[in-house]
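This report refers to the structure that appears directly beneath it.
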Amino acid sequence: MTGVLSGKDLAAAIRAEAKRACEGALVTPRLAVVVATDDESSAWYVRSIAAAAARTGLDCQVVDLGAGASPEEVEATLAGLSAEESVHGLMLQTPLPKGARLEELARAIDPVKDVDGANPLSLGLLAAGLPAFAPATAEAVMALLDHHGVELPGKTVTVVGRSNVVGKPLAHLLLARDATVTVAHSRTADLAAVTRTADVVVAAAGRPGLITAAHLRPGAVVIDVGTNATEDGGLVGDVADVSGVAGAVTPVPGGVGPVTTALLLAHTVEASRA
Ligand code: NAD
């Protein structure tokens, strides 16, 4: 039987703790989200962050520059918000305007406010095992594994995807917990060969159905980070039907996603106390 590793209870618990912290705080924690796209799934995500913030007792300031914004405009906006005392957490929503790179623009986010770990300085600190905010998605994967009692020391974990916001930071977080980590990517010659040896497979490629039962050893734990929009307005992950082979798998939606949003809020509360 393949188990379902839901993220809903964990997300609710993280939000409840953040709410308690907000109730006892002298200043209301504020998260600023800079948007420079008209992408519909991005708009949906930003609305869900704002709604979760409101329910939890945080202020959420959405700064929508529109899809036509220049990289310079985005950078200047981030620098301005970084300098604002009332802003505790700051994130830049993707996708970005053509020609812009998240890694470059996010350098304008003050690392103490970098609640989604987008500034390359945060990734460097994380890699060195020094205090920094990890990208909320990478931390959500770790939180889900812990919540569901998946042991990591000595286990083999294959992360599929090497982006600076998911795959790479996650590999560092897993190494810090004594897992033996392999990172696969679009140029990996034989993906199934490196996923089939793993006790835990994390799919973060943004390719619907990429991981099938043939990619897994029986009993493997599968974490599906992928969020791919379907034509009918739904959401699917990167993992096909692996029931009967996987030991457990996270659902999409309802797995990594809600935990990611809850952690963004928790990071903002933490930043407001610094
Ligand atoms: P990205 O496009 O920056 O990176 C994708 C990575 O996957 C790349 O490193 C690429 O080499 C690898 N890849 C692509 N095709 C592959 C293939 N066929 N085989 C092996 N590797 C392949 O994406 P990202 O920002 O890292 O996001 C990855 C996925 O996670 C997307 O679906 C995104 O929507 C989702 N995501 C979800 C959350 C959440 O909260 N659930 C948050 C962030 C991103």
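Chain labels A, B, ... are given in the sequence in which chains occur in the structure tokens; within each chain residues are numbered consecutively from 1, and ligands are likewise numbered from 1 in the order shown.
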Tell me, counting only C-alpha atoms and all ligand atoms, for each residue of chain A within 6 Å of ligand 1, which pair of atoms is nearest and how far apart they are in Å to one decimal, in rows ordered by chain and increasing number, as a Markdown table.
```
| residue | atom | partner | partner_atom_place_in_ligand_line | distance |
| --- | --- | --- | --- | --- |
| A:Thr137 | CA | ligand 1 | 42 (C) | 5.1 |
| A:Val160 | CA | ligand 1 | 21 (N) | 5.3 |
| A:Gly161 | CA | ligand 1 | 7 (O) | 3.6 |
| A:Arg162 | CA | ligand 1 | 9 (O) | 3.6 |
| A:Ser163 | CA | ligand 1 | 26 (O) | 4.4 |
| A:Val165 | CA | ligand 1 | 26 (O) | 5.8 |
| A:Val166 | CA | ligand 1 | 26 (O) | 4.7 |
| A:Ala184 | CA | ligand 1 | 20 (C) | 5.8 |
| A:His185 | CA | ligand 1 | 21 (N) | 3.4 |
| A:Ser186 | CA | ligand 1 | 22 (C) | 3.6 |
| A:Ala204 | CA | ligand 1 | 28 (C) | 4.3 |
| A:Ala205 | CA | ligand 1 | 7 (O) | 3.2 |
| A:Gly206 | CA | ligand 1 | 32 (O) | 3.0 |
| A:Val225 | CA | ligand 1 | 41 (N) | 4.8 |
| A:Gly226 | CA | ligand 1 | 32 (O) | 3.5 |
| A:Thr227 | CA | ligand 1 | 32 (O) | 4.1 |
| A:Asn228 | CA | ligand 1 | 32 (O) | 5.4 |
| A:Val256 | CA | ligand 1 | 41 (N) | 4.9 |
| A:Gly257 | CA | ligand 1 | 41 (N) | 3.8 |
| A:Thr260 | CA | ligand 1 | 40 (O) | 5.0 |
```
Now that the selection is made, can you save its residues with N, CA and C atoms as an mmCIF file, in the first residue's frame?
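That gives us part-v7.cif:
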```cif
data_model
loop_
_atom_site.group_PDB
_atom_site.id
_atom_site.type_symbol
_atom_site.label_atom_id
_atom_site.label_comp_id
_atom_site.auth_asym_id
_atom_site.auth_seq_id
_atom_site.Cartn_x
_atom_site.Cartn_y
_atom_site.Cartn_z
ATOM 1 N N THR A 137 10.440 26.376 -0.264
ATOM 2 C CA THR A 137 10.097 25.076 -0.865
ATOM 3 C C THR A 137 11.072 23.986 -0.420
ATOM 4 N N VAL A 160 15.749 15.420 -8.107
ATOM 5 C CA VAL A 160 15.674 15.623 -9.556
ATOM 6 C C VAL A 160 15.388 17.102 -9.805
ATOM 7 N N GLY A 161 16.399 17.820 -10.278
ATOM 8 C CA GLY A 161 16.305 19.277 -10.469
ATOM 9 C C GLY A 161 17.454 19.950 -9.737
ATOM 10 N N ARG A 162 18.067 20.947 -10.371
ATOM 11 C CA ARG A 162 19.249 21.596 -9.775
ATOM 12 C C ARG A 162 19.106 23.112 -9.753
ATOM 13 N N SER A 163 17.866 23.607 -9.635
ATOM 14 C CA SER A 163 17.711 25.064 -9.624
ATOM 15 C C SER A 163 18.261 25.644 -8.325
ATOM 16 N N VAL A 165 16.742 27.643 -6.424
ATOM 17 C CA VAL A 165 15.700 27.840 -5.405
ATOM 18 C C VAL A 165 15.106 26.546 -4.873
ATOM 19 N N VAL A 166 15.336 25.424 -5.567
ATOM 20 C CA VAL A 166 14.806 24.158 -5.039
ATOM 21 C C VAL A 166 15.920 23.100 -4.944
ATOM 22 N N ALA A 184 20.116 14.973 -9.805
ATOM 23 C CA ALA A 184 19.927 14.697 -11.232
ATOM 24 C C ALA A 184 19.336 15.932 -11.900
ATOM 25 N N HIS A 185 19.489 16.034 -13.214
ATOM 26 C CA HIS A 185 19.019 17.224 -13.930
ATOM 27 C C HIS A 185 18.726 16.873 -15.383
ATOM 28 N N SER A 186 18.454 17.888 -16.185
ATOM 29 C CA SER A 186 18.001 17.631 -17.560
ATOM 30 C C SER A 186 19.073 16.947 -18.415
ATOM 31 N N ALA A 204 11.662 17.651 -8.633
ATOM 32 C CA ALA A 204 11.531 19.114 -8.708
ATOM 33 C C ALA A 204 12.020 19.579 -10.067
ATOM 34 N N ALA A 205 11.382 19.050 -11.115
ATOM 35 C CA ALA A 205 11.816 19.340 -12.485
ATOM 36 C C ALA A 205 10.808 20.198 -13.240
ATOM 37 N N GLY A 206 9.553 20.198 -12.788
ATOM 38 C CA GLY A 206 8.531 20.929 -13.537
ATOM 39 C C GLY A 206 8.163 20.206 -14.825
ATOM 40 N N VAL A 225 7.546 17.905 -5.802
ATOM 41 C CA VAL A 225 7.588 19.368 -5.672
ATOM 42 C C VAL A 225 6.921 20.034 -6.878
ATOM 43 N N GLY A 226 6.819 19.309 -7.967
ATOM 44 C CA GLY A 226 6.329 19.890 -9.219
ATOM 45 C C GLY A 226 4.941 20.484 -9.088
ATOM 46 N N THR A 227 4.757 21.649 -9.696
ATOM 47 C CA THR A 227 3.416 22.233 -9.789
ATOM 48 C C THR A 227 3.234 22.646 -11.241
ATOM 49 N N ASN A 228 2.533 21.821 -11.968
ATOM 50 C CA ASN A 228 2.336 22.064 -13.391
ATOM 51 C C ASN A 228 0.856 22.312 -13.658
ATOM 52 N N VAL A 256 3.607 19.562 -0.770
ATOM 53 C CA VAL A 256 4.671 20.552 -0.528
ATOM 54 C C VAL A 256 4.118 21.989 -0.533
ATOM 55 N N GLY A 257 3.149 22.257 -1.408
ATOM 56 C CA GLY A 257 2.654 23.628 -1.609
ATOM 57 C C GLY A 257 2.196 24.338 -0.337
ATOM 58 N N THR A 260 5.020 25.127 2.025
ATOM 59 C CA THR A 260 5.867 26.213 1.518
ATOM 60 C C THR A 260 5.287 27.575 1.928
#
```
From the options A:Thr250, A:Gln61, A:Ser86, A:Thr158, which residue's atoms come nearest to A:Thr188, counting only C-alpha atoms?
A:Thr158
Do you have the atom CA of A:Thr195-atom CA of A:Ile223 distance handy?
12.2 Å
Would you give me, as a VMD selection string, the residues in stretch 18-220 of chain A that DSSP reads as alpha helix (DSSP H)?
chain A and resid 18 to 23 40 to 56 71 to 83 102 to 105 120 to 127 136 to 147 167 to 175 191 to 195
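Residues of stretch 30-149 of chain A carrying a DSSP assignment of strand (DSSP E or B), computed from the backbone, are A:Arg30, A:Leu31, A:Ala32, A:Val33, A:Val34, A:Val35, A:Asp59, A:Cys60, A:Gln61, A:Val62, A:Val63, A:Asp64, A:Gly89, A:Leu90, A:Met91, A:Leu92.
Excluding A:Ala118 and any residue on its chain fewer than 5 positions from it, the residues at most 9 Å away by only C-alpha atoms are A:Met91, A:Leu92, A:Leu102, A:Glu103, A:Ala106, A:Arg107, A:Ile109, A:Pro111, A:Leu123, A:Phe133, A:Ala134, A:Pro135, A:Asn164, A:Val165.
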Store the residues picked out above in a file with N, CA, C and O atoms, as a PDB file, in the first residue's frame.
```
ATOM      1  N   MET A  91      10.051  39.088  -0.875  1.00  0.00           N
ATOM      2  CA  MET A  91      10.290  38.063  -1.898  1.00  0.00           C
ATOM      3  C   MET A  91       9.928  38.573  -3.278  1.00  0.00           C
ATOM      4  O   MET A  91       9.098  39.471  -3.425  1.00  0.00           O
ATOM      5  N   LEU A  92      10.589  37.998  -4.262  1.00  0.00           N
ATOM      6  CA  LEU A  92      10.348  38.345  -5.661  1.00  0.00           C
ATOM      7  C   LEU A  92       9.681  37.155  -6.320  1.00  0.00           C
ATOM      8  O   LEU A  92      10.227  36.046  -6.336  1.00  0.00           O
ATOM      9  N   LEU A 102      16.648  35.782 -11.666  1.00  0.00           N
ATOM     10  CA  LEU A 102      16.304  35.872 -10.247  1.00  0.00           C
ATOM     11  C   LEU A 102      17.560  36.072  -9.387  1.00  0.00           C
ATOM     12  O   LEU A 102      17.598  36.907  -8.500  1.00  0.00           O
ATOM     13  N   GLU A 103      18.607  35.295  -9.709  1.00  0.00           N
ATOM     14  CA  GLU A 103      19.845  35.340  -8.902  1.00  0.00           C
ATOM     15  C   GLU A 103      20.444  36.742  -8.880  1.00  0.00           C
ATOM     16  O   GLU A 103      21.006  37.172  -7.878  1.00  0.00           O
ATOM     17  N   ALA A 106      17.781  39.286  -7.081  1.00  0.00           N
ATOM     18  CA  ALA A 106      17.597  38.989  -5.652  1.00  0.00           C
ATOM     19  C   ALA A 106      18.782  39.441  -4.806  1.00  0.00           C
ATOM     20  O   ALA A 106      18.693  39.459  -3.579  1.00  0.00           O
ATOM     21  N   ARG A 107      19.848  39.845  -5.457  1.00  0.00           N
ATOM     22  CA  ARG A 107      20.969  40.406  -4.683  1.00  0.00           C
ATOM     23  C   ARG A 107      20.550  41.705  -4.013  1.00  0.00           C
ATOM     24  O   ARG A 107      21.201  42.163  -3.072  1.00  0.00           O
ATOM     25  N   ILE A 109      17.865  42.021  -2.362  1.00  0.00           N
ATOM     26  CA  ILE A 109      17.074  41.705  -1.154  1.00  0.00           C
ATOM     27  C   ILE A 109      18.039  41.576   0.024  1.00  0.00           C
ATOM     28  O   ILE A 109      18.964  40.753  -0.012  1.00  0.00           O
ATOM     29  N   PRO A 111      19.720  40.193   3.008  1.00  0.00           N
ATOM     30  CA  PRO A 111      19.680  38.792   3.461  1.00  0.00           C
ATOM     31  C   PRO A 111      18.865  38.582   4.748  1.00  0.00           C
ATOM     32  O   PRO A 111      18.273  37.517   4.903  1.00  0.00           O
ATOM     33  N   LEU A 123      22.101  31.336  -0.258  1.00  0.00           N
ATOM     34  CA  LEU A 123      22.453  29.981  -0.714  1.00  0.00           C
ATOM     35  C   LEU A 123      23.879  29.629  -0.279  1.00  0.00           C
ATOM     36  O   LEU A 123      24.147  28.503   0.149  1.00  0.00           O
ATOM     37  N   PHE A 133      18.026  32.025   5.778  1.00  0.00           N
ATOM     38  CA  PHE A 133      16.733  31.470   5.408  1.00  0.00           C
ATOM     39  C   PHE A 133      16.924  30.571   4.183  1.00  0.00           C
ATOM     40  O   PHE A 133      17.476  31.009   3.174  1.00  0.00           O
ATOM     41  N   ALA A 134      16.476  29.336   4.294  1.00  0.00           N
ATOM     42  CA  ALA A 134      16.466  28.448   3.121  1.00  0.00           C
ATOM     43  C   ALA A 134      15.252  28.814   2.286  1.00  0.00           C
ATOM     44  O   ALA A 134      14.245  29.293   2.826  1.00  0.00           O
ATOM     45  N   PRO A 135      15.303  28.583   0.975  1.00  0.00           N
ATOM     46  CA  PRO A 135      14.087  28.770   0.185  1.00  0.00           C
ATOM     47  C   PRO A 135      12.954  27.941   0.798  1.00  0.00           C
ATOM     48  O   PRO A 135      13.164  26.781   1.189  1.00  0.00           O
ATOM     49  N   ASN A 164      18.532  26.951  -8.361  1.00  0.00           N
ATOM     50  CA  ASN A 164      19.063  27.621  -7.170  1.00  0.00           C
ATOM     51  C   ASN A 164      18.026  27.791  -6.079  1.00  0.00           C
ATOM     52  O   ASN A 164      18.371  28.109  -4.944  1.00  0.00           O
ATOM     53  N   VAL A 165      16.742  27.643  -6.424  1.00  0.00           N
ATOM     54  CA  VAL A 165      15.700  27.840  -5.405  1.00  0.00           C
ATOM     55  C   VAL A 165      15.106  26.546  -4.873  1.00  0.00           C
ATOM     56  O   VAL A 165      14.423  26.555  -3.851  1.00  0.00           O
TER      57      VAL A 165
END
```
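Considering only C-alpha atoms, the residue among A:Ile211, A:Leu31, A:Leu121, A:Ala69 positioned nearest to A:Lys98 is A:Ala69.
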Within 7 Å of stretch 9-26 of chain A, which residues of stretch 37-138 of chain A come that close, and what is the closest atom pair and distance in Å for each? Count only C-alpha atoms and give it as a tab-separated table.
```
residue	atom	partner	partner_atom	distance
A:Thr56	CA	A:Lys19	CA	4.8
A:Gly57	CA	A:Cys22	CA	5.9
A:Leu58	CA	A:Cys22	CA	7.0
```
